[in-house]
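Data from input.cif: mmCIF, N, CA and C atoms
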data_run
loop_
_atom_site.label_atom_id
_atom_site.label_comp_id
_atom_site.auth_asym_id
_atom_site.auth_seq_id
_atom_site.Cartn_x
_atom_site.Cartn_y
_atom_site.Cartn_z
N MET A 1 -0.81 -18.74 -2.24
CA MET A 1 -1.55 -18.45 -3.44
C MET A 1 -1.35 -19.62 -4.41
N ALA A 2 -2.43 -20.10 -4.98
CA ALA A 2 -2.35 -21.22 -5.90
C ALA A 2 -1.63 -20.82 -7.18
N ARG A 3 -1.04 -21.80 -7.80
CA ARG A 3 -0.24 -21.53 -9.00
C ARG A 3 -1.08 -20.99 -10.15
N ASP A 4 -2.28 -21.50 -10.31
CA ASP A 4 -3.13 -21.08 -11.42
C ASP A 4 -4.24 -20.13 -11.00
N SER A 5 -4.05 -19.44 -9.89
CA SER A 5 -5.10 -18.53 -9.44
C SER A 5 -5.16 -17.29 -10.34
N CYS A 6 -6.26 -16.63 -10.27
CA CYS A 6 -6.48 -15.44 -11.09
C CYS A 6 -5.48 -14.33 -10.75
N ALA A 7 -5.23 -14.13 -9.47
CA ALA A 7 -4.29 -13.08 -9.05
C ALA A 7 -2.88 -13.36 -9.57
N THR A 8 -2.49 -14.63 -9.59
CA THR A 8 -1.17 -14.98 -10.10
C THR A 8 -1.08 -14.70 -11.59
N ARG A 9 -2.13 -15.05 -12.32
CA ARG A 9 -2.12 -14.80 -13.77
C ARG A 9 -2.07 -13.30 -14.09
N VAL A 10 -2.81 -12.51 -13.32
CA VAL A 10 -2.81 -11.06 -13.55
C VAL A 10 -1.43 -10.48 -13.21
N ALA A 11 -0.82 -10.94 -12.13
CA ALA A 11 0.51 -10.45 -11.75
C ALA A 11 1.56 -10.82 -12.78
N VAL A 12 1.49 -12.03 -13.29
CA VAL A 12 2.44 -12.45 -14.32
C VAL A 12 2.22 -11.66 -15.60
N GLY A 13 0.96 -11.41 -15.95
CA GLY A 13 0.67 -10.58 -17.12
C GLY A 13 1.22 -9.17 -16.98
N ALA A 14 1.07 -8.59 -15.81
CA ALA A 14 1.60 -7.24 -15.58
C ALA A 14 3.12 -7.23 -15.64
N ALA A 15 3.75 -8.26 -15.09
CA ALA A 15 5.22 -8.33 -15.12
C ALA A 15 5.74 -8.51 -16.54
N MET A 16 5.09 -9.37 -17.31
CA MET A 16 5.51 -9.58 -18.69
C MET A 16 5.29 -8.31 -19.53
N GLY A 17 4.17 -7.66 -19.32
CA GLY A 17 3.90 -6.41 -20.03
C GLY A 17 4.89 -5.33 -19.66
N GLY A 18 5.24 -5.26 -18.38
CA GLY A 18 6.23 -4.28 -17.95
C GLY A 18 7.60 -4.53 -18.55
N ALA A 19 7.98 -5.79 -18.66
CA ALA A 19 9.28 -6.13 -19.24
C ALA A 19 9.33 -5.80 -20.73
N VAL A 20 8.30 -6.19 -21.44
CA VAL A 20 8.26 -5.92 -22.88
C VAL A 20 8.14 -4.41 -23.13
N GLY A 21 7.28 -3.75 -22.38
CA GLY A 21 7.12 -2.31 -22.54
C GLY A 21 8.37 -1.53 -22.19
N GLY A 22 9.08 -1.99 -21.17
CA GLY A 22 10.34 -1.33 -20.81
C GLY A 22 11.38 -1.45 -21.90
N ALA A 23 11.47 -2.63 -22.49
CA ALA A 23 12.44 -2.84 -23.57
C ALA A 23 12.09 -1.99 -24.79
N VAL A 24 10.83 -2.00 -25.16
CA VAL A 24 10.40 -1.20 -26.31
C VAL A 24 10.58 0.29 -26.03
N GLY A 25 10.24 0.72 -24.81
CA GLY A 25 10.38 2.12 -24.45
C GLY A 25 11.83 2.59 -24.43
N ALA A 26 12.73 1.72 -24.00
CA ALA A 26 14.15 2.08 -23.98
C ALA A 26 14.69 2.25 -25.40
N VAL A 27 14.30 1.34 -26.28
CA VAL A 27 14.75 1.44 -27.68
C VAL A 27 14.16 2.68 -28.34
N TYR A 28 12.87 2.90 -28.16
CA TYR A 28 12.23 4.05 -28.78
C TYR A 28 12.74 5.37 -28.18
N GLY A 29 12.92 5.39 -26.87
CA GLY A 29 13.43 6.61 -26.23
C GLY A 29 14.83 6.97 -26.69
N THR A 30 15.66 5.96 -26.88
CA THR A 30 17.02 6.20 -27.37
C THR A 30 16.98 6.73 -28.80
N TYR A 31 16.15 6.12 -29.62
CA TYR A 31 16.00 6.58 -31.02
C TYR A 31 15.50 8.02 -31.06
N GLU A 32 14.49 8.30 -30.27
CA GLU A 32 13.91 9.64 -30.27
C GLU A 32 14.89 10.69 -29.75
N ALA A 33 15.66 10.33 -28.71
CA ALA A 33 16.64 11.26 -28.16
C ALA A 33 17.73 11.58 -29.18
N ALA A 34 18.14 10.58 -29.93
CA ALA A 34 19.15 10.81 -30.95
C ALA A 34 18.57 11.60 -32.13
N ARG A 35 17.34 11.30 -32.49
CA ARG A 35 16.71 11.97 -33.63
C ARG A 35 16.52 13.45 -33.40
N TYR A 36 16.05 13.81 -32.20
CA TYR A 36 15.79 15.22 -31.89
C TYR A 36 16.97 15.92 -31.24
N LYS A 37 18.11 15.23 -31.16
CA LYS A 37 19.36 15.80 -30.63
C LYS A 37 19.16 16.44 -29.25
N ILE A 38 18.60 15.67 -28.33
CA ILE A 38 18.39 16.14 -26.97
C ILE A 38 19.74 16.20 -26.27
N PRO A 39 20.08 17.31 -25.61
CA PRO A 39 21.43 17.47 -25.04
C PRO A 39 21.63 16.75 -23.70
N GLY A 40 22.84 16.30 -23.48
CA GLY A 40 23.37 15.79 -22.22
C GLY A 40 22.46 14.99 -21.31
N ALA A 41 22.31 15.50 -20.07
CA ALA A 41 21.56 14.79 -19.03
C ALA A 41 20.07 14.72 -19.36
N MET A 42 19.60 15.63 -20.16
CA MET A 42 18.19 15.58 -20.58
C MET A 42 17.92 14.33 -21.41
N LYS A 43 18.94 13.84 -22.09
CA LYS A 43 18.80 12.62 -22.89
C LYS A 43 18.51 11.43 -21.99
N ILE A 44 19.25 11.33 -20.87
CA ILE A 44 19.04 10.23 -19.92
C ILE A 44 17.64 10.32 -19.31
N ARG A 45 17.24 11.53 -18.97
CA ARG A 45 15.90 11.73 -18.39
C ARG A 45 14.81 11.35 -19.38
N HIS A 46 14.99 11.73 -20.63
CA HIS A 46 14.00 11.43 -21.67
C HIS A 46 13.89 9.92 -21.89
N ILE A 47 15.01 9.24 -21.96
CA ILE A 47 15.00 7.79 -22.15
C ILE A 47 14.34 7.11 -20.96
N GLY A 48 14.63 7.56 -19.75
CA GLY A 48 14.01 7.00 -18.55
C GLY A 48 12.50 7.20 -18.53
N GLN A 49 12.05 8.39 -18.86
CA GLN A 49 10.62 8.66 -18.88
C GLN A 49 9.91 7.83 -19.92
N THR A 50 10.51 7.70 -21.08
CA THR A 50 9.90 6.90 -22.14
C THR A 50 9.84 5.43 -21.74
N THR A 51 10.90 4.94 -21.11
CA THR A 51 10.95 3.54 -20.68
C THR A 51 9.88 3.26 -19.63
N LEU A 52 9.80 4.10 -18.61
CA LEU A 52 8.82 3.87 -17.54
C LEU A 52 7.38 4.04 -18.02
N GLY A 53 7.15 5.02 -18.86
CA GLY A 53 5.80 5.23 -19.38
C GLY A 53 5.34 4.06 -20.24
N SER A 54 6.22 3.58 -21.09
CA SER A 54 5.88 2.46 -21.94
C SER A 54 5.69 1.18 -21.13
N ALA A 55 6.52 0.97 -20.12
CA ALA A 55 6.40 -0.21 -19.26
C ALA A 55 5.07 -0.19 -18.51
N ALA A 56 4.69 0.96 -17.99
CA ALA A 56 3.42 1.07 -17.26
C ALA A 56 2.23 0.83 -18.19
N PHE A 57 2.30 1.38 -19.39
CA PHE A 57 1.22 1.23 -20.36
C PHE A 57 1.04 -0.23 -20.78
N PHE A 58 2.13 -0.87 -21.17
CA PHE A 58 2.06 -2.27 -21.59
C PHE A 58 1.65 -3.17 -20.43
N GLY A 59 2.20 -2.91 -19.25
CA GLY A 59 1.87 -3.72 -18.08
C GLY A 59 0.41 -3.62 -17.71
N LEU A 60 -0.15 -2.42 -17.77
CA LEU A 60 -1.56 -2.23 -17.46
C LEU A 60 -2.45 -3.01 -18.41
N PHE A 61 -2.17 -2.91 -19.70
CA PHE A 61 -3.03 -3.57 -20.67
C PHE A 61 -2.85 -5.08 -20.68
N LEU A 62 -1.65 -5.58 -20.44
CA LEU A 62 -1.49 -7.03 -20.36
C LEU A 62 -2.13 -7.58 -19.10
N ALA A 63 -2.07 -6.84 -18.01
CA ALA A 63 -2.75 -7.27 -16.78
C ALA A 63 -4.26 -7.27 -16.99
N ALA A 64 -4.79 -6.26 -17.65
CA ALA A 64 -6.23 -6.20 -17.92
C ALA A 64 -6.66 -7.36 -18.83
N GLY A 65 -5.85 -7.66 -19.82
CA GLY A 65 -6.15 -8.79 -20.69
C GLY A 65 -6.12 -10.11 -19.95
N SER A 66 -5.16 -10.25 -19.04
CA SER A 66 -5.08 -11.47 -18.23
C SER A 66 -6.29 -11.57 -17.32
N LEU A 67 -6.75 -10.47 -16.80
CA LEU A 67 -7.94 -10.47 -15.94
C LEU A 67 -9.19 -10.86 -16.72
N ILE A 68 -9.30 -10.37 -17.94
CA ILE A 68 -10.46 -10.71 -18.77
C ILE A 68 -10.47 -12.20 -19.08
N HIS A 69 -9.32 -12.77 -19.35
CA HIS A 69 -9.22 -14.17 -19.72
C HIS A 69 -9.14 -15.10 -18.51
N CYS A 70 -9.19 -14.55 -17.33
CA CYS A 70 -9.01 -15.33 -16.11
C CYS A 70 -10.08 -16.40 -15.92
N GLY A 71 -11.29 -16.10 -16.24
CA GLY A 71 -12.37 -17.04 -16.01
C GLY A 71 -12.51 -18.11 -17.08
N LYS A 72 -11.81 -17.94 -18.20
CA LYS A 72 -11.95 -18.88 -19.31
C LYS A 72 -10.98 -20.04 -19.13
N SER A 73 -11.45 -21.24 -19.39
CA SER A 73 -10.56 -22.40 -19.38
C SER A 73 -10.57 -23.01 -20.78
N TYR A 74 -9.42 -23.44 -21.20
CA TYR A 74 -9.30 -23.95 -22.58
C TYR A 74 -9.10 -25.43 -22.59
#

Can I see the file as structure tokens?
Amino acid sequence: MARDSCATRVAVGAAMGGAVGGAVGAVYGTYEAARYKIPGAMKIRHIGQTTLGSAAFFGLFLAAGSLIHCGKSY
């Protein structure tokens, strides 16, 4: 696969979105779990769900944005 191919750009966009979304989701999930006083193991589950959901959301939209911009050269 070429370095500047469209598929590579979309994959990198999805990976970057997943990383940023995961970090934001972990911080927000921890804050929310503490705020609503979620007990014990449910706290870990809540933080995990928030992290994965946010990572998937950000990754999807960054990949879509990379796909839209794929044909443009600057």

**Report entry** Spatial neighbours of Thr51 (chain A), 7 Å, only N, CA and C atoms, chain gap at least 6 places, as a list in words
**Finding:** Gly21, Gly22, Ala23, Val24, Gly25, Ala26, Val27 and Gly29 of chain A

Query raised in the report: What is the atom C of Ala11 (chain A) to atom N of Gly53 (chain A) distance in Å?
Result: 17.9 Å

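Nearest-residue note for Gly17 (chain A): choosing from A:Pro39, A:Gly59, A:Gly48, A:Gly65, the minimum distance belongs to A:Gly59, counting only C-alpha atoms.
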
Query - Å distance separating CA of Asp4 (chain A) from CA of Val20 (chain A), one decimal place - result: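 Interatomic distance here is 22.2 Å.
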
Query raised in the report: What is the atom N of Phe58 (chain A) to atom N of Gly18 (chain A) distance in Å?
Result: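 Going from atom N of Phe58 (chain A) over to atom N of Gly18 (chain A), I get 6.1 Å.
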
Report task. Return as an MDAnalysis selection string the full set of residues in chain A whose backbone-based DSSP assignment is helix (DSSP H, G or I). Result -> chainID A and resid 6:35 40:71

Report task. Would you mind telling me which residue in A:Met42, A:Cys6, A:Ile47, A:Ala15 lies nearest to Thr30 (chain A) when using all atoms listed in the file? Result ->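 Closest to Thr30 (chain A) of all the choices is A:Ile47.
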
Query raised in the report: So what does the PyMOL selection byres ((chain A and resi 67) around 8) actually pick up in this one, as a PyMOL selection string?
Result: chain A and resi 6-7+9-11+13+61-66+68-72
